[in-house]
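Structure file start_32.txt with compact mmCIF, C-alpha atoms and all ligand atoms:
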```
# COMPACT_ATOMS: atom_id res chain seq x y z
CA MET A 1145 -7.36 -84.82 -7.52
CA GLN A 1146 -9.47 -85.07 -10.69
CA THR A 1147 -9.52 -81.31 -10.82
CA LYS A 1148 -8.16 -78.86 -13.28
CA VAL A 1149 -4.97 -76.96 -12.70
CA ASP A 1150 -4.43 -73.66 -14.49
CA SER A 1151 -1.59 -73.22 -16.96
CA PRO A 1152 1.79 -73.96 -15.39
CA THR A 1153 3.21 -70.80 -16.89
CA ALA A 1154 0.32 -68.56 -15.85
CA GLN A 1155 1.29 -65.41 -13.97
CA LEU A 1156 1.80 -65.71 -10.22
CA PRO A 1157 -0.83 -63.98 -8.10
CA GLN A 1158 -0.22 -60.22 -8.17
CA THR A 1159 0.14 -59.99 -4.40
CA VAL A 1160 3.72 -60.87 -3.51
CA GLU A 1161 3.79 -62.97 -0.38
CA ALA A 1162 5.00 -61.01 2.68
CA ARG A 1163 8.26 -62.54 3.89
CA ASN A 1164 8.13 -64.29 7.24
CA PRO A 1165 9.95 -62.04 9.73
CA GLY A 1166 9.93 -64.71 12.42
CA MET A 1167 8.84 -64.12 16.01
CA GLU A 1168 9.97 -64.69 19.58
CA LEU A 1169 10.49 -68.33 20.46
CA ASP A 1170 7.18 -69.49 21.94
CA MET A 1171 8.10 -72.54 24.05
CA ASP A 1172 4.49 -73.25 25.06
CA TRP A 1173 3.55 -73.59 21.43
CA VAL A 1174 6.63 -75.68 20.63
CA MET A 1175 6.18 -78.08 23.54
CA GLY A 1176 2.44 -78.33 22.84
CA ALA A 1177 3.14 -79.73 19.36
CA GLN A 1178 2.31 -83.43 19.20
CA ALA A 1179 2.20 -86.03 16.42
CA ASN A 1180 -0.12 -89.02 16.52
CA THR A 1181 1.99 -91.46 14.50
CA SER A 1182 -0.67 -94.09 13.81
CA ALA A 1183 -3.27 -91.50 12.72
CA ILE A 1184 -0.66 -89.86 10.47
CA GLU A 1185 0.32 -93.17 8.92
CA ARG A 1186 -3.33 -94.10 8.35
CA ARG A 1187 -3.99 -90.79 6.60
CA CYS A 1188 -0.92 -91.16 4.38
CA ALA A 1189 -1.63 -94.77 3.47
CA THR A 1190 -4.89 -93.72 1.81
CA LEU A 1191 -3.28 -91.12 -0.43
CA PRO A 1192 -1.51 -93.01 -3.24
CA GLY A 1193 -4.45 -95.32 -4.01
CA ARG A 1194 -7.23 -92.79 -3.59
CA ARG A 1195 -5.91 -89.89 -5.57
CA SER A 1196 -5.34 -90.30 -9.26
CA VAL A 1197 -5.38 -87.93 -12.16
CA LYS A 1198 -5.61 -89.13 -15.72
CA LYS A 1199 -5.01 -87.99 -19.27
CA ASP A 1200 -5.05 -84.20 -19.85
CA TYR A 1201 -5.44 -83.52 -16.14
CA GLN A 1202 -2.39 -85.62 -15.41
CA ALA A 1203 -0.33 -83.85 -18.08
CA ALA A 1204 -1.35 -80.47 -16.64
CA TRP A 1205 -0.35 -81.52 -13.13
CA LEU A 1206 2.96 -82.91 -14.37
CA LEU A 1207 3.73 -79.67 -16.18
CA ARG A 1208 2.95 -77.84 -12.96
CA ALA A 1209 5.25 -80.20 -11.06
CA ILE A 1210 8.13 -79.25 -13.37
CA THR A 1211 7.78 -75.59 -12.41
CA LEU A 1212 8.14 -76.68 -8.78
CA ILE A 1213 11.40 -78.61 -9.11
CA ASP A 1214 14.67 -77.43 -7.61
CA LEU A 1215 16.71 -79.24 -10.24
CA THR A 1216 19.59 -80.54 -8.21
CA THR A 1217 23.10 -81.86 -8.50
CA LEU A 1218 24.95 -82.42 -5.22
CA SER A 1219 27.77 -84.80 -5.99
CA GLY A 1220 31.41 -84.78 -5.04
CA ASP A 1221 32.27 -85.13 -8.72
CA ASP A 1222 30.17 -82.18 -9.93
CA THR A 1223 31.89 -80.17 -12.64
CA GLU A 1224 31.04 -76.84 -14.24
CA ALA A 1225 30.19 -78.68 -17.45
CA ARG A 1226 27.66 -80.86 -15.61
CA VAL A 1227 26.15 -77.80 -13.96
CA ARG A 1228 25.89 -76.00 -17.31
CA ARG A 1229 24.05 -79.02 -18.76
CA LEU A 1230 21.71 -79.03 -15.78
CA CYS A 1231 21.01 -75.32 -16.22
CA ALA A 1232 20.24 -75.84 -19.90
CA LYS A 1233 17.74 -78.49 -18.78
CA ALA A 1234 16.25 -76.07 -16.23
CA ARG A 1235 15.71 -73.52 -19.03
CA GLN A 1236 14.19 -76.11 -21.38
CA PRO A 1237 12.96 -78.93 -19.14
CA VAL A 1238 10.92 -80.72 -21.80
CA ARG A 1239 11.66 -81.29 -25.48
CA ALA A 1240 10.35 -78.48 -27.65
CA ASP A 1241 8.27 -80.81 -29.88
CA LEU A 1242 6.50 -82.24 -26.83
CA LEU A 1243 5.77 -78.77 -25.46
CA ASP A 1244 4.43 -77.68 -28.85
CA ARG A 1245 2.04 -80.60 -28.88
CA LEU A 1246 1.00 -79.82 -25.32
CA GLY A 1247 0.49 -76.16 -26.25
CA VAL A 1248 2.85 -74.87 -23.58
CA SER A 1249 5.69 -72.37 -23.80
CA GLY A 1250 7.97 -70.59 -21.34
CA LEU A 1251 8.21 -73.58 -19.00
CA THR A 1252 11.20 -73.70 -16.61
CA THR A 1253 12.04 -75.46 -13.37
CA GLY A 1254 11.68 -73.57 -10.09
CA ALA A 1255 15.42 -73.28 -9.41
CA VAL A 1256 18.75 -75.03 -9.82
CA CYS A 1257 20.31 -76.31 -6.60
CA VAL A 1258 24.08 -76.82 -6.26
CA TYR A 1259 27.00 -76.72 -3.85
CA HIS A 1260 28.70 -73.37 -3.24
CA GLU A 1261 31.60 -74.02 -5.61
CA MET A 1262 29.17 -74.45 -8.49
CA VAL A 1263 27.18 -71.26 -7.82
CA PRO A 1264 29.12 -68.98 -10.24
CA ALA A 1265 28.81 -71.47 -13.10
CA ALA A 1266 25.07 -71.86 -12.44
CA VAL A 1267 24.49 -68.10 -12.15
CA ALA A 1268 26.30 -67.54 -15.47
CA ALA A 1269 24.41 -70.32 -17.22
CA LEU A 1270 21.03 -69.08 -15.99
CA GLN A 1271 21.60 -65.40 -16.76
CA GLY A 1272 18.48 -63.77 -18.15
CA SER A 1273 16.28 -66.80 -17.49
CA GLY A 1274 14.78 -65.63 -14.19
CA ILE A 1275 15.60 -69.04 -12.70
CA PRO A 1276 17.19 -68.59 -9.27
CA VAL A 1277 20.23 -70.50 -8.05
CA ALA A 1278 19.87 -72.24 -4.69
CA ALA A 1279 23.04 -73.12 -2.78
CA VAL A 1280 23.18 -75.77 -0.11
CA SER A 1281 25.12 -74.35 2.79
CA THR A 1282 26.24 -74.38 6.44
CA GLY A 1283 28.41 -77.46 6.10
CA PHE A 1284 25.82 -79.44 4.11
CA PRO A 1285 24.95 -82.26 4.59
CA ALA A 1286 26.03 -82.88 8.23
CA GLY A 1287 26.25 -79.25 9.39
CA LEU A 1288 29.06 -80.00 11.81
CA SER A 1289 31.72 -77.52 10.70
CA PRO A 1290 32.62 -74.58 13.01
CA PHE A 1291 29.63 -72.31 13.47
CA HIS A 1292 31.34 -69.12 12.25
CA LEU A 1293 32.37 -70.92 9.06
CA ARG A 1294 28.81 -72.10 8.49
CA VAL A 1295 27.58 -68.52 8.78
CA ALA A 1296 30.39 -67.26 6.54
CA GLU A 1297 29.56 -69.90 3.91
CA ILE A 1298 26.08 -68.39 3.56
CA GLY A 1299 27.58 -64.94 2.94
CA GLU A 1300 29.94 -66.34 0.30
CA SER A 1301 27.14 -68.02 -1.64
CA VAL A 1302 24.97 -64.90 -1.50
CA LYS A 1303 27.94 -62.85 -2.76
CA ALA A 1304 28.38 -65.35 -5.60
CA GLY A 1305 24.78 -64.78 -6.69
CA ALA A 1306 22.70 -67.44 -4.94
CA GLU A 1307 19.19 -66.15 -4.36
CA GLU A 1308 18.15 -69.08 -2.19
CA ILE A 1309 20.15 -70.74 0.57
CA ASP A 1310 19.36 -74.26 1.80
CA ILE A 1311 20.83 -74.50 5.31
CA VAL A 1312 21.08 -77.63 7.44
CA ILE A 1313 20.11 -77.43 11.10
CA SER A 1314 22.15 -79.03 13.89
CA ARG A 1315 20.25 -82.25 14.49
CA ARG A 1316 21.76 -82.59 17.97
CA HIS A 1317 19.92 -79.47 19.17
CA VAL A 1318 16.66 -81.26 18.37
CA LEU A 1319 17.73 -84.62 19.79
CA GLU A 1320 18.88 -82.95 23.02
CA GLY A 1321 15.81 -80.68 23.24
CA ASN A 1322 17.89 -77.49 23.00
CA TRP A 1323 15.15 -75.51 21.27
CA GLN A 1324 16.52 -72.10 22.22
CA THR A 1325 19.92 -73.01 20.71
CA LEU A 1326 18.24 -74.25 17.54
CA TYR A 1327 16.23 -71.02 17.37
CA ASP A 1328 19.35 -68.86 17.85
CA GLU A 1329 21.25 -70.81 15.19
CA MET A 1330 18.43 -70.50 12.68
CA ARG A 1331 18.00 -66.80 13.46
CA GLU A 1332 21.68 -66.20 12.70
CA PHE A 1333 21.50 -68.20 9.46
CA ARG A 1334 18.49 -66.19 8.38
CA ALA A 1335 20.27 -62.91 9.14
CA ALA A 1336 23.32 -64.00 7.13
CA CYS A 1337 21.06 -64.66 4.12
CA GLY A 1338 19.95 -61.03 3.88
CA GLU A 1339 17.58 -60.75 0.92
CA ALA A 1340 18.20 -64.36 -0.17
CA HIS A 1341 15.45 -66.71 0.89
CA VAL A 1342 16.37 -69.42 3.38
CA LYS A 1343 15.19 -73.02 3.35
CA ALA A 1344 15.75 -74.86 6.63
CA ILE A 1345 16.67 -78.51 6.05
CA LEU A 1346 15.56 -80.50 9.09
CA ALA A 1347 17.11 -83.84 8.00
CA THR A 1348 13.96 -85.48 9.36
CA GLY A 1349 15.37 -89.00 8.98
CA GLU A 1350 17.77 -88.14 11.79
CA LEU A 1351 15.35 -86.45 14.21
CA GLY A 1352 14.06 -89.60 15.90
CA THR A 1353 10.33 -88.89 16.16
CA LEU A 1354 7.55 -87.16 14.27
CA ARG A 1355 6.99 -85.02 17.35
CA ASN A 1356 10.55 -83.75 17.03
CA VAL A 1357 9.84 -83.00 13.36
CA ALA A 1358 6.78 -80.94 14.35
CA ARG A 1359 8.70 -79.03 17.02
CA ALA A 1360 11.77 -78.38 14.84
CA SER A 1361 9.47 -77.14 12.04
CA LEU A 1362 7.86 -74.62 14.38
CA VAL A 1363 11.17 -73.42 15.84
CA CYS A 1364 12.65 -72.84 12.38
CA MET A 1365 9.57 -70.92 11.24
CA MET A 1366 9.61 -68.83 14.43
CA ALA A 1367 13.27 -68.03 13.68
CA GLY A 1368 12.35 -66.73 10.22
CA ALA A 1369 12.66 -69.64 7.78
CA ASP A 1370 11.09 -68.92 4.38
CA PHE A 1371 10.82 -72.65 3.62
CA ILE A 1372 11.14 -75.81 5.64
CA LYS A 1373 12.70 -78.75 3.81
CA THR A 1374 12.71 -82.40 4.79
CA SER A 1375 16.13 -83.75 3.91
CA THR A 1376 19.52 -83.35 2.32
CA GLY A 1377 19.03 -86.44 0.16
CA LYS A 1378 22.01 -87.95 1.99
CA GLU A 1379 20.22 -89.36 5.06
CA THR A 1380 19.25 -93.03 5.17
CA VAL A 1381 15.59 -91.98 5.15
CA ASN A 1382 14.71 -88.85 3.22
CA ALA A 1383 11.32 -87.37 2.24
CA THR A 1384 8.31 -89.45 3.30
CA LEU A 1385 4.58 -88.78 3.30
CA PRO A 1386 4.18 -89.00 7.12
CA VAL A 1387 6.98 -86.48 7.68
CA SER A 1388 5.44 -84.28 4.99
CA LEU A 1389 2.05 -84.36 6.66
CA VAL A 1390 3.58 -83.30 9.98
CA MET A 1391 5.55 -80.45 8.40
CA ILE A 1392 2.64 -79.29 6.25
CA ARG A 1393 0.37 -79.17 9.30
CA ALA A 1394 3.00 -77.17 11.19
CA ILE A 1395 3.01 -74.74 8.26
CA ARG A 1396 -0.78 -74.54 8.40
CA ASP A 1397 -0.68 -73.93 12.14
CA TYR A 1398 1.95 -71.20 11.71
CA HIS A 1399 -0.14 -69.53 9.01
CA ASP A 1400 -3.30 -69.71 11.13
CA ARG A 1401 -1.57 -68.06 14.07
CA THR A 1402 0.72 -65.52 12.37
CA GLY A 1403 -0.75 -64.95 8.90
CA TYR A 1404 2.58 -65.84 7.22
CA ARG A 1405 2.80 -68.53 4.54
CA ILE A 1406 5.92 -70.68 4.76
CA GLY A 1407 7.07 -72.79 1.84
CA TYR A 1408 7.53 -76.55 1.86
CA LYS A 1409 10.24 -78.59 0.11
CA PRO A 1410 10.25 -82.38 0.27
CA ALA A 1411 13.66 -83.59 -0.95
CA GLY A 1412 15.53 -86.81 -1.41
CA GLY A 1413 14.33 -89.95 -3.19
CA ILE A 1414 11.42 -88.37 -5.10
CA SER A 1415 12.12 -89.67 -8.57
CA LYS A 1416 8.79 -90.85 -9.99
CA ALA A 1417 6.09 -88.73 -11.60
CA LYS A 1418 3.37 -90.64 -9.75
CA ASP A 1419 5.01 -89.85 -6.40
CA ALA A 1420 5.15 -86.16 -7.31
CA LEU A 1421 1.39 -86.26 -7.98
CA VAL A 1422 0.76 -87.73 -4.54
CA TYR A 1423 2.76 -84.94 -2.91
CA LEU A 1424 0.82 -82.33 -4.87
CA SER A 1425 -2.51 -83.84 -3.85
CA LEU A 1426 -1.40 -83.85 -0.20
CA LEU A 1427 -0.46 -80.18 -0.47
CA LYS A 1428 -3.72 -79.31 -2.19
CA GLU A 1429 -5.81 -81.08 0.42
CA GLU A 1430 -3.95 -79.81 3.47
CA LEU A 1431 -2.92 -76.28 2.46
CA GLY A 1432 -4.90 -75.42 -0.67
CA ASP A 1433 -4.04 -74.25 -4.18
CA ARG A 1434 -2.06 -71.21 -3.06
CA TRP A 1435 0.78 -73.50 -2.00
CA LEU A 1436 1.07 -75.11 -5.43
CA ARG A 1437 3.28 -72.30 -6.71
CA PRO A 1438 7.07 -72.07 -6.85
CA ASP A 1439 7.20 -69.37 -4.18
CA LEU A 1440 5.64 -71.81 -1.67
CA PHE A 1441 6.49 -75.29 -2.85
CA ARG A 1442 9.49 -77.08 -4.37
CA PHE A 1443 10.57 -80.64 -4.98
CA GLY A 1444 14.26 -81.15 -4.21
CA ALA A 1445 15.09 -83.74 -6.83
CA SER A 1446 17.90 -84.81 -9.11
CA SER A 1447 16.08 -87.36 -11.27
CA LEU A 1448 12.33 -86.60 -11.05
CA LEU A 1449 12.31 -84.43 -14.17
CA GLY A 1450 13.47 -87.32 -16.36
CA ASP A 1451 10.50 -89.48 -15.33
CA ILE A 1452 8.03 -86.62 -15.74
CA GLU A 1453 9.31 -85.94 -19.25
CA ARG A 1454 8.95 -89.63 -20.02
CA GLN A 1455 5.32 -89.60 -18.85
CA LEU A 1456 4.62 -86.49 -20.91
CA GLU A 1457 6.10 -88.16 -23.98
CA HIS A 1458 3.81 -91.12 -23.33
CA HIS A 1459 0.86 -88.76 -23.00
CA VAL A 1460 1.63 -87.15 -26.36
CA SER A 1461 2.78 -90.17 -28.36
CA GLY A 1462 1.22 -93.15 -26.60
CA ALA A 1463 4.66 -94.79 -26.24
CA TYR A 1464 7.29 -94.76 -23.54
CA SER A 1465 10.83 -93.80 -24.46
CA ALA A 1466 13.84 -95.31 -22.73
CA GLY A 1467 14.89 -93.62 -19.48
CA TRP A 1468 18.33 -92.79 -20.85
CA ARG A 1469 16.79 -90.41 -23.38
CA HIS A 1470 15.92 -88.10 -20.48
CA ALA A 1471 19.07 -88.57 -18.50
CA ALA A 1472 19.81 -84.93 -17.63
CA GLY A 1473 16.69 -84.60 -15.52
O1 LIG A 1501 17.77 -81.49 -2.15
C1 LIG A 1501 17.78 -82.35 -3.01
C2 LIG A 1501 18.25 -83.72 -2.86
O2 LIG A 1501 19.59 -83.79 -2.55
C3 LIG A 1501 17.97 -84.50 -4.10
O3 LIG A 1501 17.90 -85.84 -3.76
P1 LIG A 1501 17.72 -86.98 -4.89
O4 LIG A 1501 19.06 -87.03 -5.59
O5 LIG A 1501 17.41 -88.21 -4.13
O6 LIG A 1501 16.65 -86.56 -5.82
```
Mind turning the file's structure into structure tokens?
Ligand SMILES: O=C[C@H](O)COP(=O)(O)O
Amino acid sequence: MQTKVDSPTAQLPQTVEARNPGMELDMDWVMGAQANTSAIERRCATLPGRRSVKKDYQAAWLLRAITLIDLTTLSGDDTEARVRRLCAKARQPVRADLLDRLGVSGLTTGAVCVYHEMVPAAVAALQGSGIPVAAVSTGFPAGLSPFHLRVAEIGESVKAGAEEIDIVISRRHVLEGNWQTLYDEMREFRAACGEAHVKAILATGELGTLRNVARASLVCMMAGADFIKTSTGKETVNATLPVSLVMIRAIRDYHDRTGYRIGYKPAGGISKAKDALVYLSLLKEELGDRWLRPDLFRFGASSLLGDIERQLEHHVSGAYSAGWRHAAG
């Protein structure tokens, strides 16, 4: 990936992406989806070693990565004060002196992601910034509360000002092969979101096989998902490169057949700048530059920003600062 990336704060393409309306459930397509695990693992194993970006290129890609972060706090002990601090970090993700030296201004994260109870505090703290609030929903992380309450939770978060809703699917529908039920559930979640964009969290670490991941990805896109997302961050196994490759290829397949571009959000356990670069190179190779924009790609991460800021400080000053100096990200 020794290629240039344009300014992270450059204008988005003028053409606004048409929103995926979804389609009828196509069971032939779903059941035809396969995943060759050893080929996928071989492909992914080559990525971290083969792709490296250095110096100014690396700084540019790291700045881009910041614009793609859903800066997240999803803890039982979240407070409004913590969320306000996180939002301040989303508005100013990197120290002003570092940005000056890098010649960048107007940099923000892609969104701030919180539980429903924290949505009003986040909306207030982000007022005027253009940074959307994403709410995790539908009984996150397990998604096992009564269905009507899961649907109602979406409506409450939208009413509170969330512009993006991260829903969790019912893993059992995948494990039991109830694709129609999964489709109907996702369709209803999408309808409850209205104008808010919906990210479908597959919780891939609980789906058993990569083939199930491929099939669940397709079903959620057919039911109108705007994004597909790997994980809640609470599963034993969260985002991985093999799962990402399967989901990205499902997105490519969906685009080839329908013309709609669906977003991708790996989430959970992505905390190192070098890992973020590997994800970006995978995206670039498999889907192309168009997907390297916040409307089509996000990292779900609570601590990635801190490491990126550390790497940028090293780029500018030649020295690493202690991790605690970048704690908020
Ligand atoms: O969706 C985001 C994840 O919950 C964040 O996970 P993380 O805390 O491992 O970065």
Given 9 Å and all atoms listed in the file, residues near ligand LIG 1501 (chain A) as an MDAnalysis selection string | chainID A and resid 1214:1219 1257:1258 1280 1310 1345 1373:1378 1382:1383 1409:1415 1443:1448
For A:Met1391, the nearest of the candidates A:Thr1282, A:Thr1253, A:Ser1361, A:Thr1325, counting all atoms listed in the file = A:Ser1361
Would you list the residues near (25.0, -72.5, -10.7), meaning any protein, DNA or RNA residue with an atom at most 12 Å from that point in file coordinates, counting all atoms listed in the file, as a PyMOL selection string?
-> chain A and resi 1214-1218+1222-1232+1234+1255-1271+1275-1280+1301-1302+1304-1308
Just C-alpha atoms for this one: save the residues we selected as a PDB file, keeping the file's coordinate frame.
```
ATOM      1  CA  ASP A1214      14.670 -77.430  -7.610  1.00  0.00           C
ATOM      2  CA  LEU A1215      16.710 -79.240 -10.240  1.00  0.00           C
ATOM      3  CA  THR A1216      19.590 -80.540  -8.210  1.00  0.00           C
ATOM      4  CA  THR A1217      23.100 -81.860  -8.500  1.00  0.00           C
ATOM      5  CA  LEU A1218      24.950 -82.420  -5.220  1.00  0.00           C
ATOM      6  CA  ASP A1222      30.170 -82.180  -9.930  1.00  0.00           C
ATOM      7  CA  THR A1223      31.890 -80.170 -12.640  1.00  0.00           C
ATOM      8  CA  GLU A1224      31.040 -76.840 -14.240  1.00  0.00           C
ATOM      9  CA  ALA A1225      30.190 -78.680 -17.450  1.00  0.00           C
ATOM     10  CA  ARG A1226      27.660 -80.860 -15.610  1.00  0.00           C
ATOM     11  CA  VAL A1227      26.150 -77.800 -13.960  1.00  0.00           C
ATOM     12  CA  ARG A1228      25.890 -76.000 -17.310  1.00  0.00           C
ATOM     13  CA  ARG A1229      24.050 -79.020 -18.760  1.00  0.00           C
ATOM     14  CA  LEU A1230      21.710 -79.030 -15.780  1.00  0.00           C
ATOM     15  CA  CYS A1231      21.010 -75.320 -16.220  1.00  0.00           C
ATOM     16  CA  ALA A1232      20.240 -75.840 -19.900  1.00  0.00           C
ATOM     17  CA  ALA A1234      16.250 -76.070 -16.230  1.00  0.00           C
ATOM     18  CA  ALA A1255      15.420 -73.280  -9.410  1.00  0.00           C
ATOM     19  CA  VAL A1256      18.750 -75.030  -9.820  1.00  0.00           C
ATOM     20  CA  CYS A1257      20.310 -76.310  -6.600  1.00  0.00           C
ATOM     21  CA  VAL A1258      24.080 -76.820  -6.260  1.00  0.00           C
ATOM     22  CA  TYR A1259      27.000 -76.720  -3.850  1.00  0.00           C
ATOM     23  CA  HIS A1260      28.700 -73.370  -3.240  1.00  0.00           C
ATOM     24  CA  GLU A1261      31.600 -74.020  -5.610  1.00  0.00           C
ATOM     25  CA  MET A1262      29.170 -74.450  -8.490  1.00  0.00           C
ATOM     26  CA  VAL A1263      27.180 -71.260  -7.820  1.00  0.00           C
ATOM     27  CA  PRO A1264      29.120 -68.980 -10.240  1.00  0.00           C
ATOM     28  CA  ALA A1265      28.810 -71.470 -13.100  1.00  0.00           C
ATOM     29  CA  ALA A1266      25.070 -71.860 -12.440  1.00  0.00           C
ATOM     30  CA  VAL A1267      24.490 -68.100 -12.150  1.00  0.00           C
ATOM     31  CA  ALA A1268      26.300 -67.540 -15.470  1.00  0.00           C
ATOM     32  CA  ALA A1269      24.410 -70.320 -17.220  1.00  0.00           C
ATOM     33  CA  LEU A1270      21.030 -69.080 -15.990  1.00  0.00           C
ATOM     34  CA  GLN A1271      21.600 -65.400 -16.760  1.00  0.00           C
ATOM     35  CA  ILE A1275      15.600 -69.040 -12.700  1.00  0.00           C
ATOM     36  CA  PRO A1276      17.190 -68.590  -9.270  1.00  0.00           C
ATOM     37  CA  VAL A1277      20.230 -70.500  -8.050  1.00  0.00           C
ATOM     38  CA  ALA A1278      19.870 -72.240  -4.690  1.00  0.00           C
ATOM     39  CA  ALA A1279      23.040 -73.120  -2.780  1.00  0.00           C
ATOM     40  CA  VAL A1280      23.180 -75.770  -0.110  1.00  0.00           C
ATOM     41  CA  SER A1301      27.140 -68.020  -1.640  1.00  0.00           C
ATOM     42  CA  VAL A1302      24.970 -64.900  -1.500  1.00  0.00           C
ATOM     43  CA  ALA A1304      28.380 -65.350  -5.600  1.00  0.00           C
ATOM     44  CA  GLY A1305      24.780 -64.780  -6.690  1.00  0.00           C
ATOM     45  CA  ALA A1306      22.700 -67.440  -4.940  1.00  0.00           C
ATOM     46  CA  GLU A1307      19.190 -66.150  -4.360  1.00  0.00           C
ATOM     47  CA  GLU A1308      18.150 -69.080  -2.190  1.00  0.00           C
TER      48      GLU A1308
END
```
Which protein, DNA or RNA residues are at most 9 Å from (5.9, -85.5, -4.2) in the file's coordinates when you count all atoms listed in the file, listed as a tab-separated table (two decimals) with C-alpha atoms, in the coordinates of the input?
```tsv
chain	number	residue	atom	x	y	z
A	1209	ALA	CA	5.25	-80.20	-11.06
A	1383	ALA	CA	11.32	-87.37	2.24
A	1384	THR	CA	8.31	-89.45	3.30
A	1385	LEU	CA	4.58	-88.78	3.30
A	1410	PRO	CA	10.25	-82.38	0.27
A	1411	ALA	CA	13.66	-83.59	-0.95
A	1414	ILE	CA	11.42	-88.37	-5.10
A	1415	SER	CA	12.12	-89.67	-8.57
A	1416	LYS	CA	8.79	-90.85	-9.99
A	1417	ALA	CA	6.09	-88.73	-11.60
A	1418	LYS	CA	3.37	-90.64	-9.75
A	1419	ASP	CA	5.01	-89.85	-6.40
A	1420	ALA	CA	5.15	-86.16	-7.31
A	1421	LEU	CA	1.39	-86.26	-7.98
A	1422	VAL	CA	0.76	-87.73	-4.54
A	1423	TYR	CA	2.76	-84.94	-2.91
A	1424	LEU	CA	0.82	-82.33	-4.87
A	1425	SER	CA	-2.51	-83.84	-3.85
A	1426	LEU	CA	-1.40	-83.85	-0.20
A	1443	PHE	CA	10.57	-80.64	-4.98
```
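The nearest approach to A:Gly1254 among the residues A:Arg1208, A:Arg1239, A:Arg1186, A:Lys1199, with all atoms listed in the file taken into account, belongs to A:Arg1208.
When all atoms listed in the file are used to compute distances to A:Ala1189, the closest of the residues A:Leu1389, A:Leu1427, A:Leu1243, A:Val1248 turns out to be A:Leu1389.
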Reconstructed N, CA and C atoms for stretch 1184-1199 of chain A, given as an mmCIF file, keeping the file's coordinate frame:
```cif
data_model
loop_
_atom_site.group_PDB
_atom_site.id
_atom_site.type_symbol
_atom_site.label_atom_id
_atom_site.label_comp_id
_atom_site.auth_asym_id
_atom_site.auth_seq_id
_atom_site.Cartn_x
_atom_site.Cartn_y
_atom_site.Cartn_z
ATOM 1 N N ILE A 1184 -1.381 -90.448 11.617
ATOM 2 C CA ILE A 1184 -0.660 -89.860 10.470
ATOM 3 C C ILE A 1184 -0.393 -90.934 9.418
ATOM 4 N N GLU A 1185 0.029 -92.094 9.883
ATOM 5 C CA GLU A 1185 0.320 -93.170 8.920
ATOM 6 C C GLU A 1185 -0.946 -93.634 8.215
ATOM 7 N N ARG A 1186 -2.044 -93.698 8.965
ATOM 8 C CA ARG A 1186 -3.330 -94.100 8.350
ATOM 9 C C ARG A 1186 -3.721 -93.117 7.252
ATOM 10 N N ARG A 1187 -3.616 -91.842 7.573
ATOM 11 C CA ARG A 1187 -3.990 -90.790 6.600
ATOM 12 C C ARG A 1187 -3.118 -90.901 5.339
ATOM 13 N N CYS A 1188 -1.833 -91.121 5.538
ATOM 14 C CA CYS A 1188 -0.920 -91.160 4.380
ATOM 15 C C CYS A 1188 -1.115 -92.415 3.547
ATOM 16 N N ALA A 1189 -1.468 -93.513 4.204
ATOM 17 C CA ALA A 1189 -1.630 -94.770 3.470
ATOM 18 C C ALA A 1189 -2.765 -94.674 2.465
ATOM 19 N N THR A 1190 -3.748 -93.810 2.721
ATOM 20 C CA THR A 1190 -4.890 -93.720 1.810
ATOM 21 C C THR A 1190 -4.558 -92.901 0.567
ATOM 22 N N LEU A 1191 -3.519 -92.095 0.638
ATOM 23 C CA LEU A 1191 -3.280 -91.120 -0.430
ATOM 24 C C LEU A 1191 -2.941 -91.730 -1.802
ATOM 25 N N PRO A 1192 -1.917 -92.585 -1.899
ATOM 26 C CA PRO A 1192 -1.510 -93.010 -3.240
ATOM 27 C C PRO A 1192 -2.603 -93.740 -4.002
ATOM 28 N N GLY A 1193 -3.416 -94.568 -3.327
ATOM 29 C CA GLY A 1193 -4.450 -95.320 -4.010
ATOM 30 C C GLY A 1193 -5.641 -94.462 -4.365
ATOM 31 N N ARG A 1194 -5.976 -93.539 -3.469
ATOM 32 C CA ARG A 1194 -7.230 -92.790 -3.590
ATOM 33 C C ARG A 1194 -7.160 -91.686 -4.640
ATOM 34 N N ARG A 1195 -5.997 -91.065 -4.710
ATOM 35 C CA ARG A 1195 -5.910 -89.890 -5.570
ATOM 36 C C ARG A 1195 -5.279 -90.252 -6.895
ATOM 37 N N SER A 1196 -5.997 -90.069 -7.974
ATOM 38 C CA SER A 1196 -5.340 -90.300 -9.260
ATOM 39 C C SER A 1196 -5.857 -89.278 -10.255
ATOM 40 N N VAL A 1197 -4.969 -88.832 -11.081
ATOM 41 C CA VAL A 1197 -5.380 -87.930 -12.160
ATOM 42 C C VAL A 1197 -4.986 -88.588 -13.459
ATOM 43 N N LYS A 1198 -5.814 -88.422 -14.449
ATOM 44 C CA LYS A 1198 -5.610 -89.130 -15.720
ATOM 45 C C LYS A 1198 -5.574 -88.157 -16.889
ATOM 46 N N LYS A 1199 -4.979 -88.649 -17.965
ATOM 47 C CA LYS A 1199 -5.010 -87.990 -19.270
ATOM 48 C C LYS A 1199 -4.605 -86.518 -19.198
#
```
